[in-house]
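Asks: Pasting start_3.txt here (compact mmCIF, C-alpha atoms and all ligand atoms):
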# COMPACT_ATOMS: atom_id res chain seq x y z
CA MET A 1 -84.41 45.80 -36.71
CA SER A 2 -81.65 43.21 -36.73
CA GLN A 3 -78.89 43.35 -34.19
CA LEU A 4 -76.46 44.17 -36.97
CA ASP A 5 -78.52 47.07 -38.27
CA ASP A 6 -78.87 48.37 -34.75
CA LEU A 7 -75.11 48.28 -34.21
CA LEU A 8 -74.40 49.89 -37.60
CA GLU A 9 -76.79 52.66 -36.72
CA GLN A 10 -75.06 53.20 -33.40
CA ILE A 11 -71.74 53.45 -35.25
CA GLU A 12 -73.20 56.01 -37.60
CA ASP A 13 -74.70 58.02 -34.74
CA LEU A 14 -71.46 58.00 -32.88
CA GLU A 15 -69.62 59.08 -36.00
CA GLN A 16 -71.95 62.01 -36.49
CA GLU A 17 -71.98 63.01 -32.86
CA SER A 18 -68.19 62.91 -32.57
CA ARG A 19 -67.79 64.97 -35.72
CA GLU A 20 -69.99 67.72 -34.29
CA LYS A 21 -68.37 67.59 -30.87
CA LEU A 22 -64.89 67.80 -32.38
CA GLU A 23 -65.95 70.93 -34.24
CA GLU A 24 -66.96 72.65 -31.04
CA ILE A 25 -63.98 72.06 -28.81
CA GLU A 26 -61.76 75.02 -28.02
CA SER A 27 -58.95 73.79 -25.88
CA LEU A 28 -56.39 71.09 -25.35
CA GLN A 29 -58.27 70.12 -22.22
CA GLU A 30 -61.58 69.60 -24.03
CA CYS A 31 -59.72 67.62 -26.67
CA GLU A 32 -58.40 65.26 -24.01
CA GLU A 33 -61.88 64.92 -22.50
CA LEU A 34 -63.26 63.82 -25.88
CA ARG A 35 -60.44 61.33 -26.36
CA VAL A 36 -61.25 59.69 -23.03
CA LYS A 37 -64.97 59.74 -23.78
CA TYR A 38 -64.62 57.97 -27.17
CA LEU A 39 -61.32 56.13 -27.16
CA GLY A 40 -60.67 55.57 -23.48
CA ARG A 41 -60.64 52.16 -21.82
CA ASN A 42 -64.29 52.54 -20.84
CA GLY A 43 -65.06 54.76 -23.81
CA GLU A 44 -67.85 54.50 -26.32
CA ILE A 45 -65.78 52.74 -29.03
CA GLN A 46 -64.87 50.08 -26.48
CA GLU A 47 -68.54 49.76 -25.61
CA LEU A 48 -69.39 49.12 -29.29
CA PHE A 49 -66.71 46.46 -29.52
CA GLY A 50 -68.34 44.85 -26.52
CA GLN A 51 -71.55 44.36 -28.43
CA LEU A 52 -69.81 42.39 -31.24
CA GLY A 53 -69.78 39.17 -29.24
CA GLN A 54 -73.52 38.71 -29.61
CA LEU A 55 -73.41 38.80 -33.44
CA PRO A 56 -73.07 35.90 -35.86
CA ASP A 57 -69.68 35.61 -37.61
CA GLU A 58 -70.46 37.38 -40.86
CA ALA A 59 -72.29 40.29 -39.23
CA ARG A 60 -69.55 40.52 -36.62
CA ALA A 61 -66.91 40.98 -39.32
CA LYS A 62 -68.92 43.71 -41.00
CA ALA A 63 -69.71 45.63 -37.83
CA GLY A 64 -66.16 45.12 -36.55
CA LYS A 65 -64.78 46.69 -39.66
CA GLY A 66 -67.11 49.70 -39.21
CA ILE A 67 -66.07 50.20 -35.59
CA ASN A 68 -62.40 49.91 -36.47
CA GLN A 69 -62.75 52.49 -39.22
CA LEU A 70 -64.52 54.88 -36.87
CA LYS A 71 -61.87 54.26 -34.23
CA SER A 72 -58.93 55.04 -36.46
CA SER A 73 -60.61 58.05 -38.04
CA LEU A 74 -61.39 59.37 -34.55
CA GLU A 75 -57.83 58.79 -33.42
CA LYS A 76 -56.57 60.70 -36.40
CA LYS A 77 -58.93 63.65 -36.01
CA ILE A 78 -58.37 63.97 -32.28
CA GLU A 79 -54.63 63.88 -32.82
CA GLU A 80 -54.90 66.63 -35.43
CA LYS A 81 -56.93 68.76 -33.07
CA GLN A 82 -54.47 68.14 -30.30
CA GLU A 83 -51.56 69.25 -32.48
CA LYS A 84 -53.47 72.33 -33.53
CA PHE A 85 -54.11 73.39 -29.93
CA GLU A 86 -50.56 72.64 -28.90
CA GLN A 87 -49.31 74.81 -31.70
CA LEU A 88 -51.62 77.65 -30.70
CA GLN A 89 -50.48 77.41 -27.11
CA LYS A 90 -46.84 77.59 -28.16
CA GLU A 91 -47.46 80.65 -30.30
CA LYS A 92 -49.26 82.35 -27.46
CA GLN A 93 -46.43 81.61 -25.09
CA LEU A 94 -43.84 82.92 -27.54
CA GLU A 95 -45.81 86.09 -27.96
CA GLU A 96 -46.06 86.61 -24.22
CA GLU A 97 -42.38 86.02 -23.69
CA SER A 98 -41.13 87.98 -26.65
CA ILE A 99 -39.24 91.25 -26.23
CA ASP A 100 -40.34 94.32 -28.10
CA VAL A 101 -37.03 95.82 -29.08
CA THR A 102 -38.74 99.03 -30.17
CA MET A 103 -39.95 99.81 -26.60
CA PRO A 104 -38.02 102.55 -24.81
CA GLY A 105 -35.64 101.03 -22.24
CA ARG A 106 -35.56 101.65 -18.52
CA ARG A 107 -32.85 104.23 -17.93
CA ARG A 108 -30.12 103.77 -15.37
CA GLY A 109 -28.31 106.96 -14.45
CA ILE A 110 -24.60 106.94 -15.13
CA GLY A 111 -22.68 107.29 -11.90
CA LYS A 112 -19.88 109.78 -11.41
CA ARG A 113 -17.43 110.95 -8.81
CA HIS A 114 -18.84 113.14 -6.04
CA VAL A 115 -17.99 116.82 -6.54
CA ILE A 116 -15.72 116.75 -3.47
CA THR A 117 -13.81 113.79 -4.89
CA GLN A 118 -13.54 115.57 -8.24
CA VAL A 119 -12.15 118.74 -6.68
CA GLN A 120 -9.84 116.78 -4.39
CA ASP A 121 -8.49 114.86 -7.40
CA ASP A 122 -8.10 118.10 -9.41
CA LEU A 123 -6.14 119.73 -6.58
CA THR A 124 -3.96 116.66 -6.11
CA ASP A 125 -3.31 116.34 -9.85
CA ILE A 126 -2.11 119.93 -10.15
CA PHE A 127 0.56 119.28 -7.53
CA LYS A 128 1.40 115.87 -8.93
CA ARG A 129 2.23 117.56 -12.23
CA MET A 130 4.61 119.80 -10.26
CA GLY A 131 6.46 116.69 -9.12
CA PHE A 132 4.81 115.92 -5.77
CA SER A 133 4.04 112.28 -4.95
CA LEU A 134 0.87 111.04 -3.37
CA ALA A 135 1.00 110.14 0.33
CA LEU A 136 -1.84 108.91 2.54
CA GLY A 137 -2.19 108.49 6.28
CA PRO A 138 -4.65 106.96 8.75
CA GLU A 139 -7.83 108.76 9.74
CA VAL A 140 -7.58 107.52 13.31
CA GLU A 141 -4.41 109.17 14.47
CA SER A 142 -2.42 109.21 17.68
CA ASP A 143 -2.05 112.27 19.82
CA TYR A 144 1.65 112.24 18.94
CA TYR A 145 1.22 112.59 15.18
CA ASN A 146 -1.82 114.83 15.24
CA PHE A 147 -0.39 117.27 17.82
CA GLU A 148 2.82 116.52 19.64
CA ALA A 149 5.21 116.05 16.71
CA LEU A 150 3.66 119.08 15.01
CA ASN A 151 4.85 121.28 17.86
CA ILE A 152 1.51 121.35 19.66
CA PRO A 153 2.33 120.02 23.16
CA GLU A 154 -0.34 118.93 25.55
CA LEU A 155 -1.01 122.25 27.23
CA HIS A 156 -0.46 124.39 24.16
CA PRO A 157 -3.37 126.80 23.59
CA ALA A 158 -3.39 125.91 19.89
CA ARG A 159 -5.07 122.61 20.79
CA ASP A 160 -8.14 124.59 21.77
CA GLU A 161 -8.62 125.55 18.13
CA TRP A 162 -9.45 121.96 17.34
CA ASP A 163 -12.65 120.45 18.68
CA SER A 164 -11.33 116.97 18.45
CA LEU A 165 -13.09 113.62 18.46
CA TYR A 166 -11.17 111.15 20.61
CA VAL A 167 -11.65 107.40 20.27
CA ASP A 168 -9.70 106.74 23.50
CA GLU A 169 -7.13 108.50 25.73
CA GLU A 170 -4.38 108.33 23.12
CA ASN A 171 -6.13 108.34 19.74
CA LEU A 172 -8.44 110.65 17.89
CA LEU A 173 -9.97 111.19 14.48
CA ARG A 174 -7.35 113.38 12.84
CA THR A 175 -8.25 117.06 12.90
CA HIS A 176 -6.09 117.82 9.86
CA THR A 177 -3.90 116.08 7.25
CA SER A 178 -0.71 117.58 8.72
CA PRO A 179 0.21 114.38 10.64
CA VAL A 180 0.97 112.77 7.26
CA GLN A 181 3.92 115.19 7.07
CA ILE A 182 5.48 113.54 10.12
CA ARG A 183 4.77 109.99 8.95
CA GLU A 184 6.38 110.67 5.57
CA MET A 185 9.45 112.42 6.98
CA GLU A 186 10.02 109.53 9.39
CA LYS A 187 10.48 107.23 6.40
CA GLY A 188 13.88 108.65 5.44
CA GLU A 189 16.08 111.64 4.69
CA PRO A 190 15.02 114.56 2.45
CA PRO A 191 14.10 115.37 -0.21
CA VAL A 192 10.47 114.82 0.79
CA LYS A 193 8.03 116.15 -1.74
CA ILE A 194 4.50 114.97 -1.08
CA ILE A 195 0.84 115.78 -1.55
CA CYS A 196 -1.69 114.21 0.87
CA PRO A 197 -5.45 114.41 0.32
CA GLY A 198 -7.84 112.98 2.89
CA LYS A 199 -10.74 113.14 5.32
CA CYS A 200 -10.50 115.09 8.57
CA TYR A 201 -12.84 115.36 11.54
CA ARG A 202 -13.78 117.98 14.09
CA ARG A 203 -16.50 118.12 16.70
CA ASP A 204 -18.39 120.84 14.86
CA THR A 205 -22.13 121.40 14.70
CA PRO A 206 -23.07 121.56 11.01
CA ASP A 207 -23.87 125.01 9.66
CA ALA A 208 -23.29 126.76 6.33
CA THR A 209 -19.49 126.65 6.71
CA HIS A 210 -18.83 123.81 9.19
CA TYR A 211 -19.26 120.07 8.98
CA PRO A 212 -17.85 117.42 11.34
CA VAL A 213 -16.31 115.57 8.38
CA PHE A 214 -14.41 117.47 5.72
CA HIS A 215 -11.44 117.09 3.38
CA GLN A 216 -8.03 118.64 3.20
CA VAL A 217 -5.11 118.50 0.84
CA GLU A 218 -1.75 118.85 2.56
CA LEU A 219 1.54 119.64 0.83
CA LEU A 220 5.08 119.30 2.13
CA TRP A 221 8.43 119.88 0.48
CA VAL A 222 11.63 119.56 2.46
CA ASP A 223 15.03 119.85 0.82
CA GLU A 224 18.37 121.64 1.18
CA GLU A 225 17.76 125.04 -0.35
CA LEU A 226 14.10 125.88 -0.26
CA THR A 227 12.95 129.40 0.59
CA PHE A 228 9.74 131.31 1.06
CA ALA A 229 10.17 132.53 -2.53
CA ASN A 230 9.80 128.95 -3.77
CA LEU A 231 6.61 128.64 -1.71
CA LYS A 232 5.22 131.82 -3.19
CA TYR A 233 6.01 130.75 -6.75
CA LEU A 234 4.37 127.38 -6.17
CA ILE A 235 1.18 128.87 -4.72
CA ARG A 236 1.00 131.49 -7.47
CA SER A 237 1.24 128.72 -10.09
CA PHE A 238 -1.45 126.77 -8.28
CA VAL A 239 -3.86 129.76 -8.13
CA GLU A 240 -3.41 130.37 -11.85
CA GLU A 241 -4.10 126.78 -12.71
CA PHE A 242 -7.03 126.12 -10.37
CA PHE A 243 -8.81 129.50 -10.35
CA GLY A 244 -7.32 131.28 -13.39
CA PRO A 245 -4.50 133.71 -14.22
CA GLU A 246 -6.79 136.72 -13.68
CA PHE A 247 -7.04 136.05 -9.91
CA SER A 248 -4.92 138.13 -7.54
CA MET A 249 -3.32 136.65 -4.44
CA ARG A 250 -1.73 137.87 -1.25
CA PHE A 251 -0.02 136.51 1.84
CA ARG A 252 -1.37 137.50 5.24
CA ALA A 253 0.74 136.81 8.32
CA ASP A 254 -0.74 134.18 10.59
CA TYR A 255 0.28 131.66 13.18
CA PHE A 256 0.54 127.86 13.01
CA PRO A 257 2.61 125.91 15.55
CA PHE A 258 4.24 123.77 12.83
CA THR A 259 5.37 126.62 10.53
CA GLU A 260 7.51 129.71 11.06
CA PRO A 261 6.87 132.12 9.50
CA SER A 262 3.23 131.25 8.76
CA ALA A 263 0.87 132.86 6.32
CA GLU A 264 -2.69 132.57 5.14
CA VAL A 265 -3.15 132.91 1.40
CA ASP A 266 -6.03 135.01 0.08
CA ILE A 267 -7.26 135.33 -3.47
CA MET A 268 -9.52 137.83 -5.23
CA PRO A 269 -11.40 137.37 -8.50
CA PRO A 270 -10.98 140.07 -11.22
CA ASN A 271 -13.96 142.17 -10.17
CA GLY A 272 -14.12 140.94 -6.61
CA GLU A 273 -14.51 143.17 -3.59
CA ASP A 274 -13.26 140.90 -0.84
CA TRP A 275 -10.17 138.79 -0.31
CA LEU A 276 -11.07 135.12 0.09
CA GLU A 277 -8.97 132.90 2.29
CA ILE A 278 -7.84 129.72 0.52
CA MET A 279 -5.11 128.06 2.58
CA GLY A 280 -2.65 128.09 5.43
CA SER A 281 1.05 127.81 4.69
CA GLY A 282 4.53 128.52 5.93
CA MET A 283 8.12 127.38 6.34
CA VAL A 284 8.36 124.17 8.33
CA ASP A 285 9.17 124.99 11.95
CA PRO A 286 12.66 123.75 13.04
CA SER A 287 11.08 121.91 15.97
CA VAL A 288 9.02 119.80 13.52
CA LEU A 289 12.21 118.92 11.63
CA LYS A 290 13.87 117.97 14.91
CA ALA A 291 10.94 115.72 15.82
CA VAL A 292 11.85 113.52 12.83
CA ASP A 293 15.61 113.83 13.40
CA TYR A 294 16.26 116.17 10.50
CA ASP A 295 18.99 118.76 11.10
CA PRO A 296 17.39 122.21 10.66
CA GLU A 297 20.83 123.61 9.81
CA ASN A 298 20.89 121.46 6.65
CA TYR A 299 17.26 121.24 5.66
CA GLN A 300 14.41 123.65 5.18
CA GLY A 301 11.01 123.22 3.71
CA PHE A 302 7.53 124.53 3.43
CA ALA A 303 4.05 123.20 3.88
CA LEU A 304 0.52 124.18 3.09
CA GLY A 305 -2.94 122.90 3.81
CA LEU A 306 -6.17 123.66 2.01
CA GLY A 307 -9.78 122.72 2.58
CA VAL A 308 -11.33 120.83 -0.32
CA GLU A 309 -14.92 121.85 0.50
CA ARG A 310 -13.83 125.49 0.65
CA MET A 311 -12.10 125.20 -2.75
CA ALA A 312 -15.22 123.63 -4.26
CA MET A 313 -17.46 126.33 -2.75
CA LEU A 314 -15.26 129.13 -4.10
CA LYS A 315 -14.87 127.55 -7.51
CA TYR A 316 -18.57 126.83 -8.07
CA GLY A 317 -20.15 129.59 -5.95
CA ILE A 318 -21.77 127.19 -3.45
CA ASP A 319 -22.85 128.93 -0.25
CA ASP A 320 -23.66 126.01 2.08
CA ILE A 321 -21.24 123.18 2.86
CA ARG A 322 -24.14 120.94 3.94
CA LEU A 323 -25.27 120.65 0.31
CA PHE A 324 -22.30 118.36 -0.39
CA TYR A 325 -23.57 115.76 2.05
CA ARG A 326 -27.32 115.73 1.45
CA ASN A 327 -27.06 113.25 -1.42
CA ASP A 328 -29.51 115.26 -3.47
CA LEU A 329 -28.83 114.26 -7.08
CA ARG A 330 -30.35 117.48 -8.38
CA PHE A 331 -27.42 119.22 -6.72
CA LEU A 332 -24.69 116.63 -7.29
CA ASP A 333 -25.55 116.04 -10.96
CA GLN A 334 -24.49 119.59 -11.80
CA PHE A 335 -20.81 118.85 -11.38
N1 LIG B 401 -3.34 121.99 9.42
C1 LIG B 401 -3.87 123.33 9.32
C2 LIG B 401 -5.34 123.33 9.67
O1 LIG B 401 -5.96 122.32 9.62
C3 LIG B 401 -3.70 123.83 7.90
C4 LIG B 401 -2.28 124.11 7.57
C5 LIG B 401 -1.72 125.36 7.79
C6 LIG B 401 -1.49 123.11 7.04
C7 LIG B 401 -0.44 125.64 7.48
C8 LIG B 401 -0.15 123.39 6.72
C9 LIG B 401 0.36 124.68 6.96
O2 LIG B 401 0.66 122.46 6.21
O3 LIG B 401 1.64 124.93 6.63
O4 LIG B 401 -5.86 124.38 9.96
Would you mind writing the file's structure down as structure tokens?
Ligand code: DAH
Replies:
Amino acid sequence: MSQLDDLLEQIEDLEQESREKLEEIESLQECEELRVKYLGRNGEIQELFGQLGQLPDEARAKAGKGINQLKSSLEKKIEEKQEKFEQLQKEKQLEEESIDVTMPGRRRGIGKRHVITQVQDDLTDIFKRMGFSLALGPEVESDYYNFEALNIPELHPARDEWDSLYVDEENLLRTHTSPVQIREMEKGEPPVKIICPGKCYRRDTPDATHYPVFHQVELLWVDEELTFANLKYLIRSFVEEFFGPEFSMRFRADYFPFTEPSAEVDIMPPNGEDWLEIMGSGMVDPSVLKAVDYDPENYQGFALGLGVERMAMLKYGIDDIRLFYRNDLRFLDQF
């Protein structure tokens, strides 16, 4: 066999072999391997070119043409394969990254105000509609505002009613919202007509009706001609709005150092058997007015304080105050 025939046969073999191999490949990687094997710098096409040098001119031209044809046809086919695999890879990637809009979404619960906040806001709003303005005070309070100015001097037995939490000799976590009365009256002359919601603290061991943190709403109205009758009308209106017109109410004489006379207010539902205590109230004691330099001969007023947790428990029939603070959504979601 002549050298030319031998080379032509090699070309034909390589053509056949590469065609079969190209059929079999299944990935971009294999495609690249074939390209290196045939078309690379030390590839088989290059090896065939290397053999041309030994041929006479005419034969060299013929064989050269054959190798060139094989080379360009291989380049073309490998490129096509490469494009095909690239396309497939892209489609696969798109599919993996695509979003199925028909899948059910992951639900995020909608947040809402805590039941205590809701009730506190409801209570405050009722009084705001009656013309009272919102007033807030600090939760760390001085002995003066929490006790002294409210007619509870240092050795007064009424202090024993409050299991207070002191932060130092002079200051404590306020045991009630009443100190806001003093702070507001100090700001100027009457009329003072305010409603003050807020957190209070007492050194109580938690049980069904006690918790060391709780909320109160305090009301104060001081003006020139206010009487106990105005207080009664106001509380009656409040009971009707918050609990309902069918509820009865009564005053029960009581004692608070900062009011004189003082009264607890009780309510009873239509078919109830027991009176339920809802707030403390009374006419502002003259000594409290004097503490803020108001002349008790010219001004009178009344005040009341109610417990927000207690209101919420009565309104919704909840029998354990601790439920409010357990953060159990099965409970809290009901309100
Ligand atoms: N500060 C009282 C307490 O925490 C509640 C109270 C009673 C407030 C009578 C008042 C009031 O304004 O007039 O027990």
Asks: Select the residues contacting ligand LIG 401 (chain B) at a distance of at most 7 Å, based on all atoms listed in the file, then format the selection as a tab-separated table (two decimals) with C-alpha atoms, in the coordinates of the input.
Replies:
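Produced file part-v7.tsv, reproduced below:
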chain	number	residue	atom	x	y	z
A	175	THR	CA	-8.25	117.06	12.90
A	176	HIS	CA	-6.09	117.82	9.86
A	177	THR	CA	-3.90	116.08	7.25
A	178	SER	CA	-0.71	117.58	8.72
A	218	GLU	CA	-1.75	118.85	2.56
A	219	LEU	CA	1.54	119.64	0.83
A	220	LEU	CA	5.08	119.30	2.13
A	256	PHE	CA	0.54	127.86	13.01
A	258	PHE	CA	4.24	123.77	12.83
A	259	THR	CA	5.37	126.62	10.53
A	262	SER	CA	3.23	131.25	8.76
A	279	MET	CA	-5.11	128.06	2.58
A	280	GLY	CA	-2.65	128.09	5.43
A	281	SER	CA	1.05	127.81	4.69
A	282	GLY	CA	4.53	128.52	5.93
A	283	MET	CA	8.12	127.38	6.34
A	284	VAL	CA	8.36	124.17	8.33
A	302	PHE	CA	7.53	124.53	3.43
A	303	ALA	CA	4.05	123.20	3.88
A	304	LEU	CA	0.52	124.18	3.09
A	305	GLY	CA	-2.94	122.90	3.81
A	306	LEU	CA	-6.17	123.66	2.01
Asks: Check the smallest atom-to-atom distance from each of A:Lys84, A:Arg35, A:Lys65, A:Arg236 to Leu48 in chain A using only C-alpha atoms, then report the winner.
Replies: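 Comparing A:Lys84, A:Arg35, A:Lys65, A:Arg236 against Leu48 in chain A, the winner is A:Lys65.
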Asks: If we count all atoms listed in the file and set the cut-off at 12 Å, which residues sit around Glu26 in chain A, ignoring sequence neighbours fewer than 4 positions away in its own chain? Please answer as a ChimeraX atom specification.
Replies: /A:21-22,30-34,81-82,84-86,88-89
Asks: Restricting the output to C-alpha atoms, write the selected residues as a short mmCIF file (atom, residue, chain, number, x, y, z; two decimals), in the coordinates of the input.
Replies:
data_model
loop_
_atom_site.label_atom_id
_atom_site.label_comp_id
_atom_site.auth_asym_id
_atom_site.auth_seq_id
_atom_site.Cartn_x
_atom_site.Cartn_y
_atom_site.Cartn_z
CA LYS A 21 -68.37 67.59 -30.87
CA LEU A 22 -64.89 67.80 -32.38
CA GLU A 30 -61.58 69.60 -24.03
CA CYS A 31 -59.72 67.62 -26.67
CA GLU A 32 -58.40 65.26 -24.01
CA GLU A 33 -61.88 64.92 -22.50
CA LEU A 34 -63.26 63.82 -25.88
CA LYS A 81 -56.93 68.76 -33.07
CA GLN A 82 -54.47 68.14 -30.30
CA LYS A 84 -53.47 72.33 -33.53
CA PHE A 85 -54.11 73.39 -29.93
CA GLU A 86 -50.56 72.64 -28.90
CA LEU A 88 -51.62 77.65 -30.70
CA GLN A 89 -50.48 77.41 -27.11
#
Asks: Can you tell me, as an NGL selection string, what residues are no more than 8 Å from Ile195 in chain A when counting all atoms listed in the file, ignoring any on the same chain fewer than 3 positions away?
Replies: :A and (124 or 127-128 or 132-135 or 217-220)
Asks: Sorted by chain and rising residue number, list the residues of range 42-136 of chain A at most 12 Å from range 203-214 of chain A (counting all atoms listed in the file), each with its closest atom pair and distance in Å to one decimal, as CSV.
Replies:
residue,atom,partner,partner_atom,distance
A:Ile116,CA,A:Phe214,CA,9.3
A:Thr117,CA,A:Phe214,CA,11.2
A:Gln120,CA,A:Phe214,CA,11.1
